[in-house]
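Asks: Take this structure first; my questions come after.
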Amino acid sequence: MIRHRLRVLLVSASLAVSLGTATATAHADANAVPDYEVKLDFLASAIDGSGVPTSAVRSAFGLSATASTRSYEYFDTASRALKGQGWSVRLRHKSGKDLELNYKKRFDVTGGDVDAALTTANSAGFDSSDTNYDAQVDWGYAQQELSFSNDKSSSASKYSGTTLPAESTARSLLVSNIPGKLDDWSAKNWGTDRLSESSAHGPVTTKVYSGSWQGTEPAIEVLTVPAASGSGTQTVIEFSFTVDTRSQASSLRSQAISIADGKGWLYHGDILKTDLILDRL
């Protein structure tokens with residue numbers, strides 16, 4: 001009798017665990033649904049002597065000859081603790097706009113498998129239920145990257161043009177608005193502690209030429225950073241546009257590559273602006 005009761009209890013416990021697992025699985029939140037930003041780097045042949053996209057480039061992608069201006073900087077520790085955990089923190093000021101605070105978590109996309117990256121992100125707490133973060137896939141010439149961005153804003157009434165706050169003020173602003181996922185990323189207050197000991201990398205001030213092409217709103221951003229050698233500068237020319245779906249991104253990316261490559265404008269590689277700014281400024 002005792003053995004019979006024990007067997008019943010064990011079966012009941014096993015069934016409860018199985019039902020609990022099934023219930024948890026049934027209620028698991030789905031992967032996030034990203035939009036897609038295509039980013040292609042252009043060669044110096046795409047701009048004229050004054051740094052403006054040539055008339056041929058503007059005509060090909062429906063771009064304006066008039067630029068908007070923005071300044072931004074990134075914050076990280078001397079050991080790049082935030083970058084090491086896949087995070088970046090940026091403060092940006094577009095002319096005539098509020099200050100933009102951006103907290104971004106990045107996940108690698110291996111072999112073009114976006115779905116696998118989304119599943120990895122889901123296991124880290126970035127899923128379809130989290131409306132505080134926008135999911136996006138950056139699709140460059142040779143690689144892709146999944147990111148989740150939390151964007152906040154602060155009044156820029158004290159800062160004219162694209163001026164940014166002093167470093168200590170900017171750092172305090174970023175710390176006071178830190179999202180919970182970053183703050184408690186690997187330990188309680190980890191993000192606050194890292195940002196509190198961080199320093200500014202930048203600022204860089206860039207020109208952005210926007211337009212209309214194939215139902216998208218493309219832009220070319222032109223920025224200058226110190227050269228890798230430490231002597232002189234490097235100009236980065238980034239063409240980009242954002243669409244909602246993977247199929248749209250694939251089709252229009254192929255068209256953009258074909259146009260730019262055929263005209264001799266396309267750089268066959270990916271230049272990561274965030275890394276350049278963190279490493280050189």
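Residues are referred to by chain and number: the chain letter is A, B, ... according to the order shown in the structure tokens, the number counts from 1 in that chain, and ligands are numbered separately from 1 in the order shown.
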Using DSSP on the backbone, list every residue of segment 84-219 of chain A that comes out as strand (DSSP E), and give them as number ranges by chain.

Replies: A: 87-94, 99-108, 134-139, 144-154, 199-210, 219

Asks: Give me, as a tab-separated table, each residue of segment 123-240 of chain A that comes within 7 Å of segment 248-272 of chain A, together with its shortest interatomic pair and the distance in Å at one decimal, counting only C-alpha atoms, with rows ordered by chain and rising residue number.

Replies:
residue	atom	partner	partner_atom	distance
A:Gly140	CA	A:Asp270	CA	6.2
A:Tyr141	CA	A:Gly269	CA	5.7
A:Ala142	CA	A:Gly269	CA	6.0

Asks: Which residues come within 10 Å of Ser55 of chain A, counting only C-alpha atoms, excluding same-chain residues fewer than 4 positions away, as a VMD selection string?

Replies: chain A and resid 46 to 48 59 to 60 62 to 65

Asks: For the residues in that selection, give me all heavy atoms as an mmCIF file, in the first residue's frame.

Replies:
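Contents of result05.cif, freshly written:
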data_model
loop_
_atom_site.group_PDB
_atom_site.id
_atom_site.type_symbol
_atom_site.label_atom_id
_atom_site.label_comp_id
_atom_site.auth_asym_id
_atom_site.auth_seq_id
_atom_site.Cartn_x
_atom_site.Cartn_y
_atom_site.Cartn_z
ATOM 1 N N ALA A 46 31.650 59.655 -54.152
ATOM 2 C CA ALA A 46 30.229 59.968 -54.039
ATOM 3 C C ALA A 46 29.973 61.401 -53.573
ATOM 4 O O ALA A 46 28.823 61.855 -53.582
ATOM 5 C CB ALA A 46 29.555 58.999 -53.074
ATOM 6 N N ILE A 47 31.014 62.113 -53.150
ATOM 7 C CA ILE A 47 30.838 63.493 -52.712
ATOM 8 C C ILE A 47 31.760 64.414 -53.501
ATOM 9 O O ILE A 47 32.774 63.976 -54.058
ATOM 10 C CB ILE A 47 31.114 63.660 -51.197
ATOM 11 C CG1 ILE A 47 32.526 63.198 -50.836
ATOM 12 C CG2 ILE A 47 30.062 62.909 -50.392
ATOM 13 C CD1 ILE A 47 32.885 63.423 -49.370
ATOM 14 N N ASP A 48 31.399 65.709 -53.534
ATOM 15 C CA ASP A 48 32.237 66.665 -54.241
ATOM 16 C C ASP A 48 33.260 67.283 -53.295
ATOM 17 O O ASP A 48 33.372 66.878 -52.132
ATOM 18 C CB ASP A 48 31.386 67.744 -54.927
ATOM 19 C CG ASP A 48 30.556 68.565 -53.937
ATOM 20 O OD1 ASP A 48 30.942 68.655 -52.747
ATOM 21 O OD2 ASP A 48 29.526 69.142 -54.358
ATOM 22 N N SER A 59 20.698 62.536 -57.711
ATOM 23 C CA SER A 59 19.696 62.167 -58.705
ATOM 24 C C SER A 59 19.331 60.686 -58.616
ATOM 25 O O SER A 59 18.157 60.310 -58.713
ATOM 26 C CB SER A 59 20.222 62.485 -60.107
ATOM 27 O OG SER A 59 19.313 62.059 -61.108
ATOM 28 N N ALA A 60 20.325 59.842 -58.396
ATOM 29 C CA ALA A 60 20.086 58.401 -58.348
ATOM 30 C C ALA A 60 19.201 57.995 -57.177
ATOM 31 O O ALA A 60 18.407 57.052 -57.282
ATOM 32 C CB ALA A 60 21.421 57.668 -58.275
ATOM 33 N N GLY A 62 17.339 60.386 -55.178
ATOM 34 C CA GLY A 62 16.331 61.383 -54.832
ATOM 35 C C GLY A 62 16.673 62.229 -53.628
ATOM 36 O O GLY A 62 15.795 62.583 -52.834
ATOM 37 N N LEU A 63 17.950 62.584 -53.468
ATOM 38 C CA LEU A 63 18.404 63.303 -52.277
ATOM 39 C C LEU A 63 18.431 64.814 -52.493
ATOM 40 O O LEU A 63 18.684 65.297 -53.594
ATOM 41 C CB LEU A 63 19.806 62.832 -51.889
ATOM 42 C CG LEU A 63 19.947 61.351 -51.560
ATOM 43 C CD1 LEU A 63 21.413 60.980 -51.396
ATOM 44 C CD2 LEU A 63 19.160 61.003 -50.300
ATOM 45 N N SER A 64 18.215 65.538 -51.421
ATOM 46 C CA SER A 64 18.292 66.996 -51.453
ATOM 47 C C SER A 64 19.748 67.446 -51.411
ATOM 48 O O SER A 64 20.614 66.747 -50.878
ATOM 49 C CB SER A 64 17.540 67.575 -50.252
ATOM 50 O OG SER A 64 17.776 68.959 -50.126
ATOM 51 N N ALA A 65 20.012 68.637 -51.949
ATOM 52 C CA ALA A 65 21.356 69.214 -51.877
ATOM 53 C C ALA A 65 21.546 69.989 -50.578
ATOM 54 O O ALA A 65 22.642 70.453 -50.272
ATOM 55 C CB ALA A 65 21.599 70.127 -53.069
#

Asks: Quick one: everything within 7 Å of segment 191-206 of chain A, counting only C-alpha atoms, minus sequence neighbours fewer than 6 positions away in the same chain. Send it as a list in words.

Replies: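 In the requested format, the answer is Thr69, Arg70, Ser71, Tyr72, Glu73, Tyr74, Phe75, Asp76, Thr77, Glu167, Arg171, Val175, Leu182, Asp183, Asp184, Trp185, Glu221, Val222, Leu223, Ile277, Leu278 and Leu281 of chain A.
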
Asks: Please identify which residues in segment 20-212 of chain A DSSP calls helix (DSSP H, G or I) from the backbone, and express them as a PyMOL selection string.

Replies: chain A and resi 20-26+44-46+55-61+81-84+114-123+167-176+180-183+190-196

Asks: Using N, CA and C atoms, can you export the residues from the last selection as a compact mmCIF listing (two decimals), in the first residue's frame?

Replies:
# COMPACT_ATOMS: atom_id res chain seq x y z
N GLY A 20 3.00 22.24 -15.93
CA GLY A 20 3.56 23.56 -15.66
C GLY A 20 4.46 24.01 -16.79
N THR A 21 5.29 23.07 -17.30
CA THR A 21 6.19 23.40 -18.40
C THR A 21 5.40 23.75 -19.65
N ALA A 22 4.36 22.97 -19.91
CA ALA A 22 3.54 23.23 -21.10
C ALA A 22 2.85 24.58 -20.99
N THR A 23 2.34 24.89 -19.77
CA THR A 23 1.69 26.18 -19.57
C THR A 23 2.66 27.32 -19.78
N ALA A 24 3.88 27.17 -19.23
CA ALA A 24 4.88 28.22 -19.38
C ALA A 24 5.24 28.42 -20.84
N THR A 25 5.36 27.28 -21.56
CA THR A 25 5.70 27.37 -22.97
C THR A 25 4.60 28.03 -23.76
N ALA A 26 3.35 27.66 -23.41
CA ALA A 26 2.21 28.21 -24.14
C ALA A 26 2.10 29.71 -23.96
N ALA A 44 34.77 58.03 -51.56
CA ALA A 44 34.91 59.49 -51.68
C ALA A 44 34.38 60.01 -53.01
N SER A 45 34.31 59.16 -54.00
CA SER A 45 33.81 59.58 -55.31
C SER A 45 32.33 59.96 -55.27
N ALA A 46 31.65 59.66 -54.15
CA ALA A 46 30.23 59.97 -54.04
C ALA A 46 29.97 61.40 -53.57
N SER A 55 25.86 65.55 -57.77
CA SER A 55 24.54 65.65 -58.40
C SER A 55 24.08 64.29 -58.92
N ALA A 56 25.03 63.46 -59.38
CA ALA A 56 24.68 62.13 -59.88
C ALA A 56 24.15 61.25 -58.75
N VAL A 57 24.78 61.32 -57.58
CA VAL A 57 24.33 60.54 -56.42
C VAL A 57 22.96 61.03 -55.97
N ARG A 58 22.80 62.34 -55.90
CA ARG A 58 21.52 62.90 -55.46
C ARG A 58 20.40 62.52 -56.42
N SER A 59 20.70 62.54 -57.71
CA SER A 59 19.70 62.17 -58.70
C SER A 59 19.33 60.69 -58.62
N ALA A 60 20.32 59.84 -58.40
CA ALA A 60 20.09 58.40 -58.35
C ALA A 60 19.20 58.00 -57.18
N PHE A 61 19.33 58.71 -56.05
CA PHE A 61 18.60 58.32 -54.85
C PHE A 61 17.63 59.40 -54.35
N ALA A 81 33.50 48.69 -21.10
CA ALA A 81 32.66 47.71 -20.41
C ALA A 81 31.28 47.59 -21.04
N LEU A 82 30.70 48.70 -21.46
CA LEU A 82 29.38 48.65 -22.08
C LEU A 82 29.45 47.93 -23.43
N LYS A 83 30.41 48.31 -24.24
CA LYS A 83 30.58 47.66 -25.54
C LYS A 83 30.81 46.16 -25.37
N GLY A 84 31.59 45.78 -24.36
CA GLY A 84 31.89 44.38 -24.12
C GLY A 84 30.66 43.55 -23.84
N VAL A 114 18.54 35.77 -38.97
CA VAL A 114 17.93 36.78 -38.11
C VAL A 114 17.04 36.12 -37.05
N ASP A 115 16.32 35.07 -37.45
CA ASP A 115 15.41 34.41 -36.51
C ASP A 115 16.17 33.82 -35.31
N ALA A 116 17.34 33.27 -35.55
CA ALA A 116 18.14 32.73 -34.44
C ALA A 116 18.57 33.85 -33.51
N ALA A 117 18.95 35.00 -34.07
CA ALA A 117 19.34 36.14 -33.25
C ALA A 117 18.16 36.65 -32.42
N LEU A 118 16.97 36.65 -33.02
CA LEU A 118 15.77 37.08 -32.30
C LEU A 118 15.45 36.13 -31.15
N THR A 119 15.69 34.85 -31.35
CA THR A 119 15.47 33.87 -30.29
C THR A 119 16.48 34.05 -29.16
N THR A 120 17.73 34.34 -29.51
CA THR A 120 18.75 34.63 -28.50
C THR A 120 18.35 35.87 -27.70
N ALA A 121 17.88 36.90 -28.41
CA ALA A 121 17.44 38.13 -27.73
C ALA A 121 16.26 37.85 -26.82
N ASN A 122 15.35 36.99 -27.27
CA ASN A 122 14.18 36.64 -26.46
C ASN A 122 14.61 36.02 -25.14
N SER A 123 15.59 35.14 -25.20
CA SER A 123 16.07 34.48 -23.98
C SER A 123 16.73 35.47 -23.02
N GLU A 167 30.35 67.42 -20.53
CA GLU A 167 30.45 65.97 -20.31
C GLU A 167 29.79 65.52 -19.02
N SER A 168 30.06 66.20 -17.92
CA SER A 168 29.50 65.78 -16.63
C SER A 168 27.98 65.89 -16.62
N THR A 169 27.46 66.93 -17.26
CA THR A 169 26.00 67.12 -17.34
C THR A 169 25.38 66.04 -18.20
N ALA A 170 26.02 65.75 -19.33
CA ALA A 170 25.52 64.70 -20.23
C ALA A 170 25.51 63.35 -19.53
N ARG A 171 26.59 63.04 -18.82
CA ARG A 171 26.68 61.76 -18.13
C ARG A 171 25.59 61.64 -17.06
N SER A 172 25.37 62.70 -16.30
CA SER A 172 24.32 62.68 -15.28
C SER A 172 22.94 62.48 -15.90
N LEU A 173 22.73 63.11 -17.05
CA LEU A 173 21.45 62.97 -17.75
C LEU A 173 21.23 61.54 -18.21
N LEU A 174 22.27 60.94 -18.73
CA LEU A 174 22.16 59.55 -19.19
C LEU A 174 21.97 58.59 -18.02
N VAL A 175 22.65 58.84 -16.90
CA VAL A 175 22.50 57.98 -15.72
C VAL A 175 21.08 58.09 -15.15
N SER A 176 20.56 59.28 -15.09
CA SER A 176 19.25 59.48 -14.46
C SER A 176 18.11 58.90 -15.30
N GLY A 180 15.83 50.04 -17.11
CA GLY A 180 16.07 48.97 -16.16
C GLY A 180 16.90 47.82 -16.69
N LYS A 181 16.69 47.43 -17.95
CA LYS A 181 17.44 46.29 -18.49
C LYS A 181 18.94 46.56 -18.48
N LEU A 182 19.33 47.77 -18.84
CA LEU A 182 20.75 48.11 -18.82
C LEU A 182 21.24 48.26 -17.39
N ASP A 183 20.46 48.89 -16.53
CA ASP A 183 20.92 49.14 -15.17
C ASP A 183 21.25 47.83 -14.45
N TRP A 190 24.42 47.62 -12.25
CA TRP A 190 25.63 47.49 -13.08
C TRP A 190 25.73 48.61 -14.10
N GLY A 191 24.64 48.92 -14.78
CA GLY A 191 24.66 49.96 -15.81
C GLY A 191 24.93 51.33 -15.24
N THR A 192 24.30 51.65 -14.12
CA THR A 192 24.53 52.95 -13.46
C THR A 192 26.00 53.09 -13.06
N ASP A 193 26.54 52.02 -12.51
CA ASP A 193 27.94 52.06 -12.08
C ASP A 193 28.87 52.27 -13.28
N ARG A 194 28.60 51.58 -14.39
CA ARG A 194 29.45 51.71 -15.57
C ARG A 194 29.31 53.11 -16.19
N LEU A 195 28.09 53.60 -16.31
CA LEU A 195 27.91 54.93 -16.89
C LEU A 195 28.51 56.01 -16.00
N SER A 196 28.43 55.83 -14.70
CA SER A 196 28.96 56.83 -13.77
C SER A 196 30.47 56.98 -13.91
